[in-house]
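Written out below as structure tokens is the structure these notes cover.
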Protein chains: 2
Amino acid sequence: MNIGQAASASGVNAKMIRHYESIGLIKTAARSDGGYRTYSTDDFHILAFIKRARKLGFSIDDIKRLLALWQGRKSSAEVKKVAMAHIEELEARIAELHGMRGTLRHLVDHCHGDARPTCPILDDLAGVAGDQPRRAEKATASSAARSKARALLHDS
Amino acid sequence: MNIGQAASASGVNAKMIRHYESIGLIKTAARSDGGYRTYSTDDFHILAFIKRARKLGFSIDDIKRLLALWQGRKSSAEVKKVAMAHIEELEARIAELHGMRGTLRHLVDHCHGDARPTCPILDDLAGVAGDQPRRAEKATASSAARSKARALLHDS
DNA sequence: GATAGACCTTCCCATTATAGGAAGGTCAAG
DNA sequence: CTTGACCTTCCTATAATGGGAAGGTCTATC
């Protein structure tokens, strides 16, 4: 199998296959006389594995670990650990996006969206206090530092 | 205000302020005799605006648009449009992550996570059919092409 | 055997937003 | 006048993907 066939068979495109090789995710491919990379059925399985893992949002680093576990035929405990850590990561990202969406949804719902220049969305972004239940800004240690800095500006 | 003060006051760090200047998101800062960038209260407001917009996940390009709208004091309709498009983007990303999380949750729930090497997670990634209600792979036009390619391998 | 066209090779560049570091200049306090 | 904090520019890196150029190989057809 040349790289093109391996690509369409696995769903990982040729550019990416070369990339994965270059970063050491997959082993250096065998070469034909003409210098073409050649792939075995085993190689194809690995590529398909990678493709599926990427679809689940695993990072290349995670996949490196999963591939080692897969090929090492070791315990499933380690795999489960990697997967659960990834679930937590996904959930954190979902929560973050969800928070953004909520704030924005609220702002959009209060924006009449007509020819008038007044706009709660811009007001919020500009820091004008409105009736928003949640501000775009979370209360963090750094925001406390910023409030202090803001005091120097006689602002807020 | 020097860049450091502007940074801690706005929450946008100094490195980023220079970067935003270099890509044209903010105008070139005025300079002191010694060549230091100096920032006015207006500049600070713009930086704070940018920071809040970034916290809501707007891209730099979106922010460029929002800043123009904010400073142009034009209609709110355009702002609402940008914001709604962003909400849709957020929702698409949430849905994608949610799908990943669901599939993974299911796999993790069926993995005993002990010393045995059998693992539904790896099996799924490897393409072994299990009792999974949803596979890691969506049925798409390209997956049809891949099935055809796979047929050439006498695989699947 | 020549040639066309599909496919392959390597190498470089771009993306997005953010950050680290090096080498060197400026400022304020002691 | 030195010290230390802060600033300057320039280069590099990240993660994953892709575009494109310049050139080599393979295969089918004439």
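Residue names in the structure tokens use chain letters A, B, ... in the order shown, residue numbers from 1 in each chain, and ligand numbers from 1 in the order shown.
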Check which residues of chain A sit at most 8 Å from chain C using only C-alpha atoms (C1' of nucleotides), and return one row each with the closest pair of atoms and their distance in Å to one decimal, ordered by chain and rising number, as a Markdown table.
```
| residue | atom | partner | partner_atom | distance |
| --- | --- | --- | --- | --- |
| A:Gly4 | CA | C:DC7 | C1' | 7.9 |
| A:Gly35 | CA | C:DT9 | C1' | 7.5 |
| A:Tyr36 | CA | C:DC8 | C1' | 6.2 |
```
Give me a file of those residues, with N, CA and C atoms, as a JSON list (two decimals), in the first residue's frame.
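As written to disk, selection_27.json reads:
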```
[["chain", "number", "residue", "atom", "x", "y", "z"],
["A", 4, "GLY", "N", -1.09, 7.02, -0.28],
["A", 4, "GLY", "CA", -2.42, 7.46, -0.69],
["A", 4, "GLY", "C", -3.48, 6.44, -0.36],
["A", 35, "GLY", "N", 11.53, 4.81, -3.39],
["A", 35, "GLY", "CA", 11.52, 5.73, -2.26],
["A", 35, "GLY", "C", 10.13, 6.01, -1.72],
["A", 36, "TYR", "N", 9.13, 5.33, -2.25],
["A", 36, "TYR", "CA", 7.76, 5.53, -1.78],
["A", 36, "TYR", "C", 7.58, 4.81, -0.45]]
```
Exercise answer, chain B residues close to chain A, 7 Å and only C-alpha atoms, as a PyMOL selection string
chain B and resi 8-11+45+49+52-53+55-57+70+73-77+80+83+87+90+94+97+100-101+104+108+111+113-119+122+125-126+136-137+146+149-150
Give the alpha helix (DSSP H) residues of stretch 10-147 of chain B, as assigned by DSSP on the backbone, as number ranges by chain.
B: 10, 14-22, 41-55, 60-72, 76-109, 120-126, 141-147
Deliver the residues from the most recent selection as a file, using C-alpha atoms, as an mmCIF file, in the first residue's frame.
```cif
data_model
loop_
_atom_site.group_PDB
_atom_site.id
_atom_site.type_symbol
_atom_site.label_atom_id
_atom_site.label_comp_id
_atom_site.auth_asym_id
_atom_site.auth_seq_id
_atom_site.Cartn_x
_atom_site.Cartn_y
_atom_site.Cartn_z
ATOM 1 C CA SER B 10 -6.893 45.224 31.776
ATOM 2 C CA ALA B 14 1.975 42.731 28.044
ATOM 3 C CA LYS B 15 3.063 40.162 25.505
ATOM 4 C CA MET B 16 -0.450 40.010 24.157
ATOM 5 C CA ILE B 17 -0.849 43.776 24.047
ATOM 6 C CA ARG B 18 2.195 44.020 21.810
ATOM 7 C CA HIS B 19 0.861 41.172 19.758
ATOM 8 C CA TYR B 20 -2.533 42.818 19.336
ATOM 9 C CA GLU B 21 -0.756 45.935 18.218
ATOM 10 C CA SER B 22 1.352 44.022 15.735
ATOM 11 C CA THR B 41 -7.540 55.460 29.949
ATOM 12 C CA ASP B 42 -9.208 55.058 26.570
ATOM 13 C CA ASP B 43 -6.624 52.519 25.578
ATOM 14 C CA PHE B 44 -7.251 50.721 28.816
ATOM 15 C CA HIS B 45 -10.965 50.560 28.065
ATOM 16 C CA ILE B 46 -10.262 49.031 24.706
ATOM 17 C CA LEU B 47 -7.990 46.436 26.235
ATOM 18 C CA ALA B 48 -10.584 45.601 28.848
ATOM 19 C CA PHE B 49 -13.157 45.278 26.083
ATOM 20 C CA ILE B 50 -10.915 42.876 24.249
ATOM 21 C CA LYS B 51 -10.291 40.880 27.383
ATOM 22 C CA ARG B 52 -13.982 40.457 28.067
ATOM 23 C CA ALA B 53 -14.703 39.506 24.489
ATOM 24 C CA ARG B 54 -11.936 36.908 24.580
ATOM 25 C CA LYS B 55 -13.411 35.512 27.790
ATOM 26 C CA ILE B 60 -9.691 38.148 17.251
ATOM 27 C CA ASP B 61 -11.496 38.674 13.988
ATOM 28 C CA ASP B 62 -14.860 38.888 15.708
ATOM 29 C CA ILE B 63 -13.373 41.310 18.187
ATOM 30 C CA LYS B 64 -12.070 43.460 15.392
ATOM 31 C CA ARG B 65 -15.627 43.698 14.131
ATOM 32 C CA LEU B 66 -17.121 44.298 17.570
ATOM 33 C CA LEU B 67 -14.592 47.004 18.347
ATOM 34 C CA ALA B 68 -15.422 48.765 15.108
ATOM 35 C CA LEU B 69 -19.119 48.561 15.920
ATOM 36 C CA TRP B 70 -18.535 49.744 19.453
ATOM 37 C CA GLN B 71 -16.467 52.680 18.370
ATOM 38 C CA GLY B 72 -18.685 53.447 15.415
ATOM 39 C CA SER B 76 -27.071 46.997 17.478
ATOM 40 C CA ALA B 77 -28.374 44.707 14.740
ATOM 41 C CA GLU B 78 -24.910 44.018 13.426
ATOM 42 C CA VAL B 79 -23.576 43.316 16.906
ATOM 43 C CA LYS B 80 -26.383 40.919 17.565
ATOM 44 C CA LYS B 81 -25.615 39.135 14.339
ATOM 45 C CA VAL B 82 -21.980 38.629 15.294
ATOM 46 C CA ALA B 83 -22.982 37.456 18.743
ATOM 47 C CA MET B 84 -25.565 35.023 17.464
ATOM 48 C CA ALA B 85 -23.167 33.564 14.959
ATOM 49 C CA HIS B 86 -20.770 33.062 17.837
ATOM 50 C CA ILE B 87 -23.421 31.343 19.914
ATOM 51 C CA GLU B 88 -23.978 28.905 17.098
ATOM 52 C CA GLU B 89 -20.294 28.247 16.908
ATOM 53 C CA LEU B 90 -20.147 27.619 20.629
ATOM 54 C CA GLU B 91 -23.100 25.298 20.417
ATOM 55 C CA ALA B 92 -21.545 23.347 17.592
ATOM 56 C CA ARG B 93 -18.387 22.887 19.606
ATOM 57 C CA ILE B 94 -20.357 21.924 22.688
ATOM 58 C CA ALA B 95 -22.283 19.342 20.692
ATOM 59 C CA GLU B 96 -19.095 17.895 19.289
ATOM 60 C CA LEU B 97 -17.430 17.615 22.672
ATOM 61 C CA HIS B 98 -20.620 16.261 24.133
ATOM 62 C CA GLY B 99 -20.706 13.509 21.570
ATOM 63 C CA MET B 100 -17.141 12.582 22.328
ATOM 64 C CA ARG B 101 -17.800 12.568 26.022
ATOM 65 C CA GLY B 102 -20.845 10.336 25.574
ATOM 66 C CA THR B 103 -19.041 7.738 23.525
ATOM 67 C CA LEU B 104 -16.116 7.742 25.879
ATOM 68 C CA ARG B 105 -18.293 7.598 28.960
ATOM 69 C CA HIS B 106 -19.976 4.534 27.575
ATOM 70 C CA LEU B 107 -16.681 2.851 26.834
ATOM 71 C CA VAL B 108 -15.245 3.696 30.224
ATOM 72 C CA ASP B 109 -18.349 2.368 31.937
ATOM 73 C CA PRO B 120 -13.574 -2.244 25.382
ATOM 74 C CA ILE B 121 -11.949 1.132 24.980
ATOM 75 C CA LEU B 122 -9.034 -0.253 23.031
ATOM 76 C CA ASP B 123 -11.343 -2.612 21.179
ATOM 77 C CA ASP B 124 -13.411 0.281 19.988
ATOM 78 C CA LEU B 125 -10.408 2.299 18.945
ATOM 79 C CA ALA B 126 -9.022 -0.734 17.163
ATOM 80 C CA ALA B 141 -19.318 10.331 2.657
ATOM 81 C CA SER B 142 -15.632 9.852 3.319
ATOM 82 C CA SER B 143 -16.196 6.834 5.503
ATOM 83 C CA ALA B 144 -18.018 5.253 2.581
ATOM 84 C CA ALA B 145 -14.956 5.851 0.454
ATOM 85 C CA ARG B 146 -12.861 4.305 3.170
ATOM 86 C CA SER B 147 -15.040 1.207 3.318
#
```
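In the backbone-derived DSSP annotation, strand (DSSP E or B) within chain A comprises Ala30, Arg31, Arg37 and Thr38 of chain A.
Distance annotation: of D:DC1, D:DC6, D:DA21, D:DA28, the residue with the minimal separation from chain B is D:DC6; atom set is only C-alpha atoms (C1' of nucleotides).
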Please, which residues in chain D fall within 12 Å of chain B when counting only C-alpha atoms (C1' of nucleotides), and what is the closest atom pair and distance in Å to one decimal for each, ordered by chain then residue number, as JSON lines?
```
{"residue": "D:DA5", "atom": "C1'", "partner": "B:Gly4", "partner_atom": "CA", "distance": 10.9}
{"residue": "D:DC6", "atom": "C1'", "partner": "B:Gly4", "partner_atom": "CA", "distance": 7.8}
{"residue": "D:DC7", "atom": "C1'", "partner": "B:Tyr36", "partner_atom": "CA", "distance": 6.2}
{"residue": "D:DT8", "atom": "C1'", "partner": "B:Tyr36", "partner_atom": "CA", "distance": 7.4}
{"residue": "D:DT9", "atom": "C1'", "partner": "B:Arg18", "partner_atom": "CA", "distance": 10.8}
```
Prev. selection, C-alpha atoms (C1' of nucleotides), output as a JSON list (two decimals), in the first residue's frame:
```
[["chain", "number", "residue", "atom", "x", "y", "z"],
["D", 5, "DA", "C1'", 12.33, 46.36, 37.95],
["D", 6, "DC", "C1'", 10.58, 47.28, 33.74],
["D", 7, "DC", "C1'", 10.79, 48.03, 28.97],
["D", 8, "DT", "C1'", 12.38, 47.17, 23.91],
["D", 9, "DT", "C1'", 12.83, 43.95, 19.67]]
```
